[in-house]
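Undergrad: Below is structure-v8.tsv; it holds TSV, C-alpha atoms and all ligand atoms.
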```tsv
chain	number	residue	atom	x	y	z
A	16	MET	CA	12.56	34.92	18.28
A	17	LYS	CA	16.25	35.19	17.48
A	18	LYS	CA	17.04	33.54	20.79
A	19	PHE	CA	14.65	30.76	19.95
A	20	PHE	CA	16.43	30.07	16.65
A	21	THR	CA	19.81	30.15	18.34
A	22	PHE	CA	18.44	27.64	20.80
A	23	ILE	CA	17.19	25.38	17.99
A	24	ILE	CA	20.55	25.58	16.19
A	25	PHE	CA	22.29	24.80	19.47
A	26	ILE	CA	20.05	21.74	19.93
A	27	ILE	CA	20.70	20.53	16.37
A	28	PHE	CA	24.46	20.93	16.77
A	29	SER	CA	24.65	19.36	20.18
A	30	THR	CA	22.51	16.36	19.25
A	31	SER	CA	24.35	15.79	15.97
A	32	SER	CA	27.74	15.91	17.65
A	33	PHE	CA	26.35	13.63	20.35
A	34	SER	CA	25.15	11.02	17.88
A	35	GLY	CA	28.37	11.53	15.92
A	36	SER	CA	30.38	10.43	18.91
A	37	HIS	CA	28.55	7.12	18.81
A	38	HIS	CA	29.88	6.09	15.49
A	39	SER	CA	33.15	7.97	15.20
A	40	HIS	CA	35.04	5.38	17.21
A	41	GLY	CA	34.10	1.75	17.42
A	42	HIS	CA	33.26	1.02	21.03
A	43	LYS	CA	34.75	-2.20	22.28
A	44	LYS	CA	31.73	-2.89	24.46
A	45	ASN	CA	28.20	-3.30	23.15
A	46	LYS	CA	26.47	-0.34	24.61
A	47	GLU	CA	22.74	-0.18	24.98
A	48	ILE	CA	21.46	3.30	24.26
A	49	ASP	CA	17.80	3.69	25.19
A	50	HIS	CA	16.40	0.81	23.20
A	51	ASP	CA	19.22	1.01	20.68
A	52	TYR	CA	22.36	-1.05	20.36
A	53	LYS	CA	25.75	-0.58	18.79
A	54	ILE	CA	28.44	-2.89	17.56
A	55	GLY	CA	31.34	-1.51	15.53
A	56	LYS	CA	29.85	0.72	12.87
A	57	ILE	CA	26.43	-0.86	13.10
A	58	LYS	CA	23.57	0.61	15.07
A	59	ILE	CA	20.35	-1.26	15.82
A	60	GLU	CA	17.29	0.82	16.57
A	61	LYS	CA	14.26	-0.29	18.54
A	62	PRO	CA	13.90	-3.99	17.87
A	63	TYR	CA	10.28	-5.05	18.37
A	64	THR	CA	8.00	-8.03	17.94
A	65	PHE	CA	4.21	-8.28	18.08
A	66	PHE	CA	2.12	-9.98	20.76
A	67	THR	CA	1.12	-13.31	19.27
A	68	PRO	CA	-2.43	-14.59	18.85
A	69	ASN	CA	-3.31	-17.49	21.16
A	70	GLY	CA	-1.45	-20.66	20.29
A	71	ALA	CA	0.67	-19.04	17.56
A	72	LYS	CA	3.72	-21.09	16.62
A	73	VAL	CA	5.58	-18.35	14.76
A	74	SER	CA	6.37	-14.69	15.13
A	75	ALA	CA	8.54	-12.06	13.49
A	76	GLY	CA	10.98	-9.48	14.81
A	77	TYR	CA	11.67	-6.06	13.28
A	78	MET	CA	14.16	-3.20	13.69
A	79	LYS	CA	16.10	-0.54	11.88
A	80	ILE	CA	19.77	-1.25	11.12
A	81	GLU	CA	22.14	1.63	10.37
A	82	ASN	CA	25.54	1.06	8.84
A	83	TYR	CA	27.93	3.98	9.45
A	84	SER	CA	30.80	2.21	7.72
A	85	ASN	CA	32.00	2.95	4.20
A	86	LYS	CA	31.83	-0.80	3.60
A	87	GLN	CA	28.75	-2.93	3.32
A	88	ASP	CA	27.97	-5.36	6.09
A	89	VAL	CA	25.80	-8.48	6.21
A	90	LEU	CA	23.44	-9.63	8.94
A	91	GLN	CA	24.35	-13.28	8.46
A	92	SER	CA	22.37	-14.99	11.17
A	93	VAL	CA	20.48	-14.62	14.41
A	94	SER	CA	21.21	-16.94	17.30
A	95	ASN	CA	20.81	-17.40	21.04
A	96	VAL	CA	17.02	-17.36	21.00
A	97	SER	CA	15.55	-19.28	23.91
A	98	PHE	CA	11.85	-18.68	23.20
A	99	ALA	CA	11.75	-20.44	19.79
A	100	ASP	CA	13.09	-23.65	18.25
A	101	ARG	CA	14.55	-21.93	15.24
A	102	VAL	CA	15.31	-18.47	13.99
A	103	GLU	CA	15.83	-17.37	10.39
A	104	ILE	CA	16.19	-14.20	8.35
A	105	HIS	CA	13.26	-13.85	5.95
A	106	GLU	CA	12.03	-11.68	3.17
A	107	MET	CA	8.38	-11.15	2.42
A	108	THR	CA	7.10	-9.87	-0.90
A	109	MET	CA	3.67	-9.00	-2.22
A	110	GLU	CA	2.88	-9.43	-5.91
A	111	ASN	CA	-0.59	-9.29	-7.44
A	112	GLN	CA	-2.06	-9.51	-3.96
A	113	VAL	CA	-0.11	-12.73	-3.30
A	114	MET	CA	2.11	-12.89	-0.22
A	115	LYS	CA	5.36	-14.82	-0.47
A	116	MET	CA	7.92	-15.42	2.25
A	117	ARG	CA	11.40	-16.84	1.75
A	118	PRO	CA	14.39	-17.48	4.02
A	119	LEU	CA	17.56	-15.56	3.13
A	120	LYS	CA	20.24	-18.17	3.72
A	121	LYS	CA	23.09	-15.75	3.07
A	122	GLY	CA	21.52	-13.13	5.28
A	123	VAL	CA	20.69	-9.56	4.40
A	124	VAL	CA	23.10	-6.88	3.16
A	125	ILE	CA	23.23	-3.44	4.72
A	126	LYS	CA	24.96	-1.21	2.16
A	127	ALA	CA	27.74	1.22	3.11
A	128	ASP	CA	26.49	4.38	4.84
A	129	SER	CA	22.91	3.19	4.61
A	130	GLU	CA	20.03	2.12	6.72
A	131	LEU	CA	17.83	-0.93	6.35
A	132	TYR	CA	14.39	-1.42	7.80
A	133	LEU	CA	13.16	-4.79	8.92
A	134	LYS	CA	9.43	-4.21	8.97
A	135	PRO	CA	6.06	-5.87	8.31
A	136	SER	CA	5.69	-6.92	4.66
A	137	GLY	CA	9.46	-6.80	4.12
A	138	TYR	CA	12.51	-8.26	5.80
A	139	HIS	CA	12.01	-9.85	9.21
A	140	ILE	CA	13.60	-12.13	11.75
A	141	MET	CA	11.41	-15.20	11.81
A	142	PHE	CA	10.93	-17.10	15.06
A	143	ILE	CA	9.78	-20.65	14.32
A	144	GLY	CA	8.36	-23.05	16.89
A	145	LEU	CA	7.55	-20.59	19.67
A	146	LYS	CA	7.99	-22.12	23.11
A	147	GLU	CA	5.98	-19.38	24.74
A	148	GLN	CA	3.57	-16.68	23.67
A	149	ILE	CA	4.96	-13.24	22.92
A	150	SER	CA	3.20	-11.12	25.50
A	151	LYS	CA	2.83	-7.58	26.70
A	152	GLY	CA	5.61	-5.89	28.58
A	153	LYS	CA	8.14	-8.65	27.95
A	154	GLU	CA	11.49	-8.49	26.16
A	155	TYR	CA	12.96	-11.25	24.06
A	156	LYS	CA	16.70	-11.70	23.75
A	157	ALA	CA	18.60	-12.62	20.58
A	158	THR	CA	22.11	-12.30	19.19
A	159	LEU	CA	22.60	-10.66	15.80
A	160	ASN	CA	25.67	-11.84	13.90
A	161	PHE	CA	27.16	-9.39	11.42
A	162	LYS	CA	29.90	-10.35	8.97
A	163	ASN	CA	32.12	-7.33	9.68
A	164	ALA	CA	30.84	-5.69	12.85
A	165	GLY	CA	30.57	-8.93	14.83
A	166	SER	CA	27.86	-10.10	17.22
A	167	VAL	CA	25.58	-8.08	19.44
A	168	ASP	CA	22.94	-9.06	21.98
A	169	ILE	CA	19.66	-7.26	21.63
A	170	PHE	CA	16.18	-7.39	23.16
A	171	PHE	CA	12.99	-7.34	21.12
A	172	LYS	CA	10.25	-5.39	22.87
A	173	ALA	CA	6.79	-6.91	22.62
A	174	VAL	CA	4.25	-4.46	21.23
A	175	GLY	CA	0.64	-4.42	19.99
A	176	ARG	CA	-0.28	-4.61	16.32
A	177	ASN	CA	-0.98	-0.89	16.13
A	178	TYR	CA	2.66	-0.07	16.85
A	179	HIS	CA	4.58	1.85	14.17
A	180	PRO	CA	8.15	2.63	15.26
A	181	ASP	CA	8.45	5.80	13.17
A	182	LYS	CA	5.23	7.24	14.49
A	183	ASN	CA	5.92	6.35	18.11
A	184	HIS	CA	9.50	7.61	18.35
A	185	HIS	CA	11.09	10.83	17.19
A	186	LYS	CA	14.05	10.88	19.46
A	187	HIS	CA	16.81	10.12	17.01
A	188	HIS	CA	15.68	11.78	13.79
B	14	MET	CA	-10.92	3.22	-64.88
B	15	ILE	CA	-7.60	1.44	-64.54
B	16	THR	CA	-6.56	3.39	-61.45
B	17	LYS	CA	-9.93	2.69	-59.87
B	18	HIS	CA	-9.46	-0.99	-60.47
B	19	ILE	CA	-5.97	-1.01	-58.86
B	20	LEU	CA	-7.29	0.98	-55.95
B	21	LEU	CA	-10.04	-1.55	-55.33
B	22	LYS	CA	-7.71	-4.47	-55.73
B	23	ARG	CA	-5.21	-3.08	-53.26
B	24	ILE	CA	-7.38	-1.45	-50.67
B	25	LEU	CA	-10.40	-3.70	-50.60
B	26	PRO	CA	-8.61	-6.70	-49.01
B	27	SER	CA	-7.18	-4.60	-46.23
B	28	ILE	CA	-10.57	-3.02	-45.59
B	29	LEU	CA	-12.09	-6.48	-45.41
B	30	ILE	CA	-9.42	-7.75	-43.02
B	31	THR	CA	-9.75	-4.69	-40.81
B	32	THR	CA	-13.52	-5.12	-40.69
B	33	VAL	CA	-13.23	-8.78	-39.75
B	34	VAL	CA	-10.73	-7.97	-37.00
B	35	LEU	CA	-12.87	-5.17	-35.61
B	36	VAL	CA	-16.01	-7.30	-35.63
B	37	PHE	CA	-14.09	-10.07	-33.88
B	38	ILE	CA	-12.78	-7.71	-31.17
B	39	GLY	CA	-16.23	-6.20	-30.71
B	40	TYR	CA	-17.82	-9.62	-30.42
B	41	ASN	CA	-15.35	-10.62	-27.74
B	42	PHE	CA	-15.90	-7.43	-25.81
B	43	ALA	CA	-19.64	-7.87	-25.83
B	44	ASN	CA	-19.61	-11.50	-24.78
B	45	LYS	CA	-16.77	-11.63	-22.27
B	46	LYS	CA	-17.16	-9.40	-19.30
B	47	PRO	CA	-13.84	-10.38	-17.77
B	48	ASN	CA	-14.25	-8.49	-14.53
B	49	ALA	CA	-17.97	-8.38	-13.96
B	50	ALA	CA	-19.52	-9.97	-10.90
B	51	GLN	CA	-19.96	-13.68	-11.34
B	52	GLN	CA	-21.97	-15.98	-9.19
B	53	ILE	CA	-19.88	-18.57	-7.39
B	54	GLN	CA	-20.92	-21.97	-8.66
B	55	VAL	CA	-19.35	-24.53	-6.39
B	56	ASN	CA	-20.29	-27.26	-3.97
B	57	PHE	CA	-17.92	-27.96	-1.12
B	58	ASN	CA	-18.03	-29.70	2.20
B	59	LEU	CA	-15.88	-28.17	4.97
B	60	GLN	CA	-15.93	-27.71	8.76
B	61	ASP	CA	-16.03	-24.57	10.83
B	62	MET	CA	-13.88	-24.27	13.95
B	63	ASN	CA	-16.82	-25.30	16.15
B	64	GLY	CA	-17.09	-28.62	14.36
B	65	ASN	CA	-20.15	-27.69	12.30
B	66	GLN	CA	-20.48	-28.35	8.61
B	67	PHE	CA	-19.65	-25.47	6.29
B	68	ASN	CA	-20.79	-25.54	2.66
B	69	GLN	CA	-21.98	-23.32	-0.20
B	70	LYS	CA	-25.37	-22.83	1.49
B	71	HIS	CA	-23.73	-20.85	4.27
B	72	LEU	CA	-22.51	-18.29	1.75
B	73	LYS	CA	-26.13	-17.54	0.80
B	74	GLN	CA	-27.24	-16.50	4.28
B	75	LYS	CA	-25.56	-13.11	4.34
B	76	PRO	CA	-22.87	-11.23	2.41
B	77	SER	CA	-19.42	-12.53	3.36
B	78	LEU	CA	-15.86	-11.39	3.78
B	79	LEU	CA	-13.42	-14.23	3.31
B	80	PHE	CA	-9.72	-14.27	4.08
B	81	PHE	CA	-7.41	-17.15	3.21
B	82	GLY	CA	-4.39	-17.62	5.43
B	83	PHE	CA	-2.69	-19.87	7.96
B	84	THR	CA	-1.73	-19.71	11.61
B	85	HIS	CA	1.99	-20.27	10.84
B	86	CYS	CA	2.05	-16.92	9.05
B	87	PRO	CA	4.01	-14.30	10.98
B	88	ASP	CA	2.75	-11.01	9.73
B	89	VAL	CA	0.22	-10.63	6.96
B	90	CYS	CA	-2.37	-13.00	8.51
B	91	PRO	CA	-2.41	-11.71	12.10
B	92	ALA	CA	-2.20	-8.14	10.79
B	93	SER	CA	-5.17	-8.75	8.48
B	94	LEU	CA	-7.18	-10.36	11.28
B	95	GLN	CA	-6.42	-7.43	13.56
B	96	LEU	CA	-7.51	-4.95	10.88
B	97	LEU	CA	-10.67	-7.00	10.32
B	98	THR	CA	-11.35	-6.93	14.07
B	99	ASN	CA	-11.02	-3.14	14.00
B	100	LEU	CA	-13.28	-2.93	10.95
B	101	ILE	CA	-16.01	-5.07	12.55
B	102	GLU	CA	-15.92	-2.75	15.54
B	103	ASP	CA	-16.17	0.32	13.28
B	104	LEU	CA	-19.13	-1.19	11.40
B	105	GLY	CA	-21.17	-1.01	14.60
B	106	PRO	CA	-24.69	-2.47	14.25
B	107	ASP	CA	-24.07	-3.16	10.52
B	108	ALA	CA	-21.34	-5.63	11.43
B	109	ASP	CA	-23.91	-8.36	12.02
B	110	LYS	CA	-25.18	-8.07	8.44
B	111	ILE	CA	-21.98	-9.72	7.19
B	112	ASN	CA	-20.36	-13.12	7.86
B	113	TYR	CA	-16.59	-13.21	8.37
B	114	TYR	CA	-14.49	-16.23	7.50
B	115	PHE	CA	-10.83	-17.12	7.97
B	116	VAL	CA	-10.31	-20.08	5.63
B	117	THR	CA	-7.10	-21.99	6.18
B	118	ALA	CA	-4.53	-22.37	3.43
B	119	ASP	CA	-2.83	-25.01	5.56
B	120	PRO	CA	-5.26	-27.80	6.54
B	121	GLU	CA	-2.34	-30.05	7.55
B	122	ARG	CA	-1.55	-27.89	10.57
B	123	ASP	CA	-4.71	-25.82	11.04
B	124	THR	CA	-7.20	-28.11	12.73
B	125	THR	CA	-10.55	-26.85	14.01
B	126	LYS	CA	-9.07	-26.78	17.51
B	127	ILE	CA	-6.03	-24.71	16.52
B	128	LEU	CA	-8.18	-22.30	14.50
B	129	LYS	CA	-10.53	-21.80	17.44
B	130	GLN	CA	-7.68	-21.09	19.80
B	131	TYR	CA	-5.93	-18.73	17.36
B	132	LEU	CA	-9.08	-16.80	16.46
B	133	SER	CA	-10.02	-16.32	20.12
B	134	SER	CA	-7.50	-13.44	19.99
B	135	PHE	CA	-9.66	-11.58	17.45
B	136	ASP	CA	-13.31	-10.58	17.01
B	137	GLN	CA	-15.52	-13.50	18.00
B	138	ARG	CA	-17.56	-13.17	14.80
B	139	ILE	CA	-14.63	-14.36	12.66
B	140	LEU	CA	-15.27	-18.02	11.92
B	141	GLY	CA	-12.34	-20.34	11.16
B	142	ILE	CA	-12.83	-22.84	8.32
B	143	THR	CA	-10.82	-25.97	7.57
B	144	GLY	CA	-11.36	-29.37	5.99
B	145	LYS	CA	-9.96	-31.77	3.46
B	146	GLN	CA	-7.45	-30.43	0.96
B	147	ASP	CA	-9.60	-31.38	-2.05
B	148	GLU	CA	-12.68	-29.71	-0.65
B	149	LEU	CA	-10.75	-26.56	0.24
B	150	LYS	CA	-9.33	-26.44	-3.28
B	151	LYS	CA	-12.84	-26.18	-4.69
B	152	LEU	CA	-13.40	-23.03	-2.69
B	153	TYR	CA	-9.95	-21.58	-3.53
B	154	ASN	CA	-10.53	-22.15	-7.22
B	155	ALA	CA	-14.05	-20.74	-7.19
B	156	LEU	CA	-12.74	-17.50	-5.72
B	157	ASP	CA	-9.45	-17.33	-7.68
B	158	ILE	CA	-7.37	-17.73	-4.55
B	159	TYR	CA	-3.73	-18.57	-5.16
B	160	ILE	CA	-2.39	-21.09	-2.62
B	161	GLN	CA	0.99	-22.74	-3.08
B	162	LYS	CA	2.84	-24.81	-0.51
B	163	VAL	CA	6.60	-24.13	-0.63
B	164	ASP	CA	9.05	-26.58	0.88
B	165	LEU	CA	11.75	-24.92	2.99
B	166	GLY	CA	13.63	-28.10	3.88
B	167	LYS	CA	14.02	-29.86	7.24
B	168	GLY	CA	10.30	-30.61	7.28
B	169	ASN	CA	9.45	-26.94	7.16
B	170	TYR	CA	7.21	-25.22	4.68
B	171	THR	CA	5.50	-21.96	4.06
B	172	ILE	CA	2.48	-21.10	1.93
B	173	ASP	CA	2.31	-18.42	-0.72
B	174	HIS	CA	-1.23	-17.13	-0.67
B	175	THR	CA	-3.53	-14.41	-1.86
B	176	ALA	CA	-3.53	-11.89	0.95
B	177	SER	CA	-6.66	-9.90	0.12
B	178	PHE	CA	-10.19	-10.37	1.40
B	179	MET	CA	-12.88	-11.55	-1.01
B	180	ILE	CA	-16.11	-9.56	-0.85
B	181	ILE	CA	-19.14	-11.72	-1.64
B	182	ASN	CA	-22.68	-10.33	-1.82
B	183	LYS	CA	-25.84	-12.14	-0.69
B	184	ASP	CA	-26.36	-13.53	-4.21
B	185	THR	CA	-22.95	-15.20	-3.79
B	186	GLU	CA	-21.37	-12.95	-6.39
B	187	LYS	CA	-17.80	-11.85	-5.90
B	188	VAL	CA	-18.14	-8.08	-6.03
B	189	GLY	CA	-14.62	-7.01	-5.09
B	190	THR	CA	-11.62	-7.42	-2.85
B	191	MET	CA	-10.30	-5.67	0.20
B	192	MET	CA	-6.58	-5.19	0.64
B	193	HIS	CA	-4.57	-3.72	3.45
B	194	GLU	CA	-2.39	-0.77	2.67
B	195	GLY	CA	0.88	-0.62	4.57
B	196	PHE	CA	-0.58	-2.86	7.28
B	197	SER	CA	-2.44	0.09	8.70
B	198	LYS	CA	-5.80	0.25	6.88
B	199	PHE	CA	-7.91	-1.42	4.22
B	200	ILE	CA	-8.70	-0.25	0.74
B	201	VAL	CA	-11.64	-1.62	-1.26
B	202	ILE	CA	-11.07	-2.61	-4.89
B	203	ASP	CA	-13.96	-3.39	-7.26
B	204	ASN	CA	-14.00	-6.12	-9.92
B	205	TYR	CA	-12.51	-3.74	-12.45
B	206	GLY	CA	-9.41	-3.28	-10.30
B	207	LYS	CA	-10.47	0.23	-9.40
B	208	ILE	CA	-9.82	1.48	-5.89
B	209	GLN	CA	-13.09	2.73	-4.49
B	210	THR	CA	-13.27	6.35	-3.44
B	211	PRO	CA	-13.05	7.96	-1.04
B	212	LYS	CA	-10.11	5.67	-0.48
B	213	ASP	CA	-10.11	6.00	3.28
B	214	ASP	CA	-13.82	5.32	3.69
B	215	VAL	CA	-13.74	1.53	3.74
B	216	ILE	CA	-17.09	1.20	5.48
B	217	LYS	CA	-18.92	3.35	2.94
B	218	ASN	CA	-17.34	1.44	0.04
B	219	LEU	CA	-18.07	-1.92	1.57
B	220	LYS	CA	-21.72	-1.01	2.19
B	221	LYS	CA	-22.02	0.26	-1.39
B	222	LEU	CA	-20.58	-2.94	-2.89
B	223	LEU	CA	-22.71	-5.15	-0.66
B	224	GLN	CA	-25.81	-2.90	-0.95
B	225	LEU	CA	-26.22	-2.81	2.81
C	1	CU	CU	9.01	-15.27	7.83
```
Write the structure described by the file as structure tokens, please.

TA:
Amino acid sequence: MKKFFTFIIFIIFSTSSFSGSHHSHGHKKNKEIDHDYKIGKIKIEKPYTFFTPNGAKVSAGYMKIENYSNKQDVLQSVSNVSFADRVEIHEMTMENQVMKMRPLKKGVVIKADSELYLKPSGYHIMFIGLKEQISKGKEYKATLNFKNAGSVDIFFKAVGRNYHPDKNHHKHH
Amino acid sequence: MITKHILLKRILPSILITTVVLVFIGYNFANKKPNAAQQIQVNFNLQDMNGNQFNQKHLKQKPSLLFFGFTHCPDVCPASLQLLTNLIEDLGPDADKINYYFVTADPERDTTKILKQYLSSFDQRILGITGKQDELKKLYNALDIYIQKVDLGKGNYTIDHTASFMIINKDTEKVGTMMHEGFSKFIVIDNYGKIQTPKDDVIKNLKKLLQL
């Protein structure tokens, strides 16, 4: 039993120091870790987008953004999307059972030492004028432009509607 | 004698006023049942996605679940349609006792053809409805559906809309709404705004409200 606990403590320490190394020094190169990405003090976890219904003209992309900096950063824009005419940063709200969606022209703030979820019924990357259907097994490239950390290329993985990132992955937390 | 007189003079008016107010409140309570089931009184002339006419008579055939949305909606509409597809499957043989409608909030872009194509990704029993703006408005208003077109510039727009399902019984009375919770499951809410229990037993609650 004691050995088991020592093992657990060892795992906790080794993984925490491992993840610590990711954000202690800003890597010059954008490094893809599993399905995660890093730029400066910003880490992007598991970007995903849903398969679209037939003929859909819009879609939304989601992810978790972690800011390891002691300064806030701003996801100002998303660019370099070849599968849609336009791409915007949106916020969705629900009030009295009414859904509202608005573009965030100044982007979205990620506070210092915080994490921000882009997820259904909240913030999302909106793909407008889809040139192709989002389909199973494919990945969709985009560039995220942060005010401080700079730009990073990421891939959105296409998933089914029953996908919940927190339920499907436990690797990092 | 004097004190009694003063007492009457001072207290009697306030007693009278209080009585009048209470009677007034009571009268309003008895006559207005703000949340009780009300029969939908409306005539409208719309089209289903197969090109057939769709009007108030169709709502009398079976109980109905109606959702108002648009195909240019990125998450709440496809998520709701997917949850509805799952629900229809879970209803089993009872599923055919209900009609399912996806009524567009965006007739400018959602033609019968586009609706048919879009809905082919979901349960085949979900019928897409579109038509003229004025005719659609009659149905929105009858069911208290909020629909507001919002200009986003550069020829783009979005639509703010009620994102819950309307539950209509076979007497065309609105008996409640169905709302998704965290995009993962539905909850059923009656006309008094009360979430039906057990909260996770949507099928049981739906059958109870629709007397299936
Ligand atoms: Cu959006």

Undergrad: May I ask which of the residues B:Phe67, B:Thr171, B:Val55, B:Gly141 is the closest one to ligand CU 1 (chain C), counting all atoms listed in the file?

TA: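 Residue with the minimum atom-to-atom distance to ligand CU 1 (chain C): B:Thr171.
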
Undergrad: What residues in chain B have any atom no more than 9 Å from chain A when counting all atoms listed in the file, and can you write them as JSON, numbers by chain?

TA: {"B": [84, 85, 86, 87, 88, 89, 91, 92, 95, 127, 130, 131, 132, 133, 134, 135, 158, 159, 160, 165, 171, 172, 173, 174, 175, 176, 177, 192, 195, 196, 197]}

Undergrad: Let me make sure I understand: among A:Glu147, A:Glu130, A:Asp168, A:Glu103, which one has the smallest atom-to-atom distance to ligand CU 1 (chain C) if we use all atoms listed in the file?

TA: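 Counting all atoms listed in the file, the residue closest to ligand CU 1 (chain C) is A:Glu103.
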
Undergrad: Within 7 Å of A:Leu119, counting only C-alpha atoms, which residues show up once you throw out same-chain ones fewer than 5 positions away? Write them as a ChimeraX atom specification, please.

TA: /A:104-106

Undergrad: Which residue gives the smallest distance to A:Pro62 among A:Val167, A:Val96, A:Leu133, A:Ile149, with all atoms listed in the file counted?

TA: A:Leu133

Undergrad: Suppose you want the space between atom CA of B:Ile180 and atom CA of B:Thr124; what is it in Å?

TA: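 For atom CA of B:Ile180 relative to atom CA of B:Thr124, the distance reads 24.7 Å.
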
Undergrad: Using the partial input, fill out stretch 130-145 of chain B with N, CA, C and O atoms; write the result as a short mmCIF file (atom, residue, chain, number, x, y, z; two decimals), in the frame of the given file.

TA:
```cif
data_model
loop_
_atom_site.label_atom_id
_atom_site.label_comp_id
_atom_site.auth_asym_id
_atom_site.auth_seq_id
_atom_site.Cartn_x
_atom_site.Cartn_y
_atom_site.Cartn_z
N GLN B 130 -8.58 -21.71 18.83
CA GLN B 130 -7.68 -21.09 19.80
C GLN B 130 -7.07 -19.80 19.24
O GLN B 130 -7.06 -18.75 19.89
N TYR B 131 -6.59 -19.88 18.00
CA TYR B 131 -5.93 -18.73 17.36
C TYR B 131 -6.90 -17.55 17.20
O TYR B 131 -6.57 -16.41 17.53
N LEU B 132 -8.11 -17.86 16.73
CA LEU B 132 -9.08 -16.80 16.46
C LEU B 132 -9.70 -16.22 17.72
O LEU B 132 -10.34 -15.18 17.67
N SER B 133 -9.49 -16.87 18.86
CA SER B 133 -10.02 -16.32 20.12
C SER B 133 -9.31 -15.00 20.46
O SER B 133 -9.77 -14.25 21.32
N SER B 134 -8.20 -14.71 19.77
CA SER B 134 -7.50 -13.44 19.99
C SER B 134 -8.10 -12.29 19.17
O SER B 134 -7.65 -11.15 19.29
N PHE B 135 -9.08 -12.61 18.32
CA PHE B 135 -9.66 -11.58 17.45
C PHE B 135 -11.17 -11.50 17.67
O PHE B 135 -11.68 -12.14 18.59
N ASP B 136 -11.86 -10.72 16.84
CA ASP B 136 -13.31 -10.58 17.01
C ASP B 136 -13.98 -11.96 16.94
O ASP B 136 -13.68 -12.77 16.06
N GLN B 137 -14.89 -12.18 17.87
CA GLN B 137 -15.52 -13.50 18.00
C GLN B 137 -16.42 -13.87 16.81
O GLN B 137 -16.83 -15.02 16.67
N ARG B 138 -16.71 -12.88 15.97
CA ARG B 138 -17.56 -13.17 14.80
C ARG B 138 -16.77 -13.76 13.62
O ARG B 138 -17.35 -14.16 12.63
N ILE B 139 -15.44 -13.77 13.74
CA ILE B 139 -14.63 -14.36 12.66
C ILE B 139 -14.61 -15.87 12.84
O ILE B 139 -14.17 -16.38 13.88
N LEU B 140 -15.13 -16.57 11.82
CA LEU B 140 -15.27 -18.02 11.92
C LEU B 140 -14.15 -18.71 11.13
O LEU B 140 -13.96 -18.43 9.95
N GLY B 141 -13.42 -19.59 11.81
CA GLY B 141 -12.34 -20.34 11.16
C GLY B 141 -12.90 -21.52 10.38
O GLY B 141 -13.82 -22.19 10.84
N ILE B 142 -12.36 -21.76 9.19
CA ILE B 142 -12.83 -22.84 8.32
C ILE B 142 -11.65 -23.72 7.92
O ILE B 142 -10.60 -23.22 7.50
N THR B 143 -11.84 -25.03 8.04
CA THR B 143 -10.82 -25.97 7.57
C THR B 143 -11.53 -27.19 6.98
O THR B 143 -12.77 -27.20 6.87
N GLY B 144 -10.76 -28.18 6.59
CA GLY B 144 -11.36 -29.37 5.99
C GLY B 144 -10.35 -30.12 5.17
O GLY B 144 -9.14 -29.90 5.30
N LYS B 145 -10.85 -30.99 4.31
CA LYS B 145 -9.96 -31.77 3.46
C LYS B 145 -9.39 -30.89 2.34
O LYS B 145 -10.08 -30.01 1.82
#
```
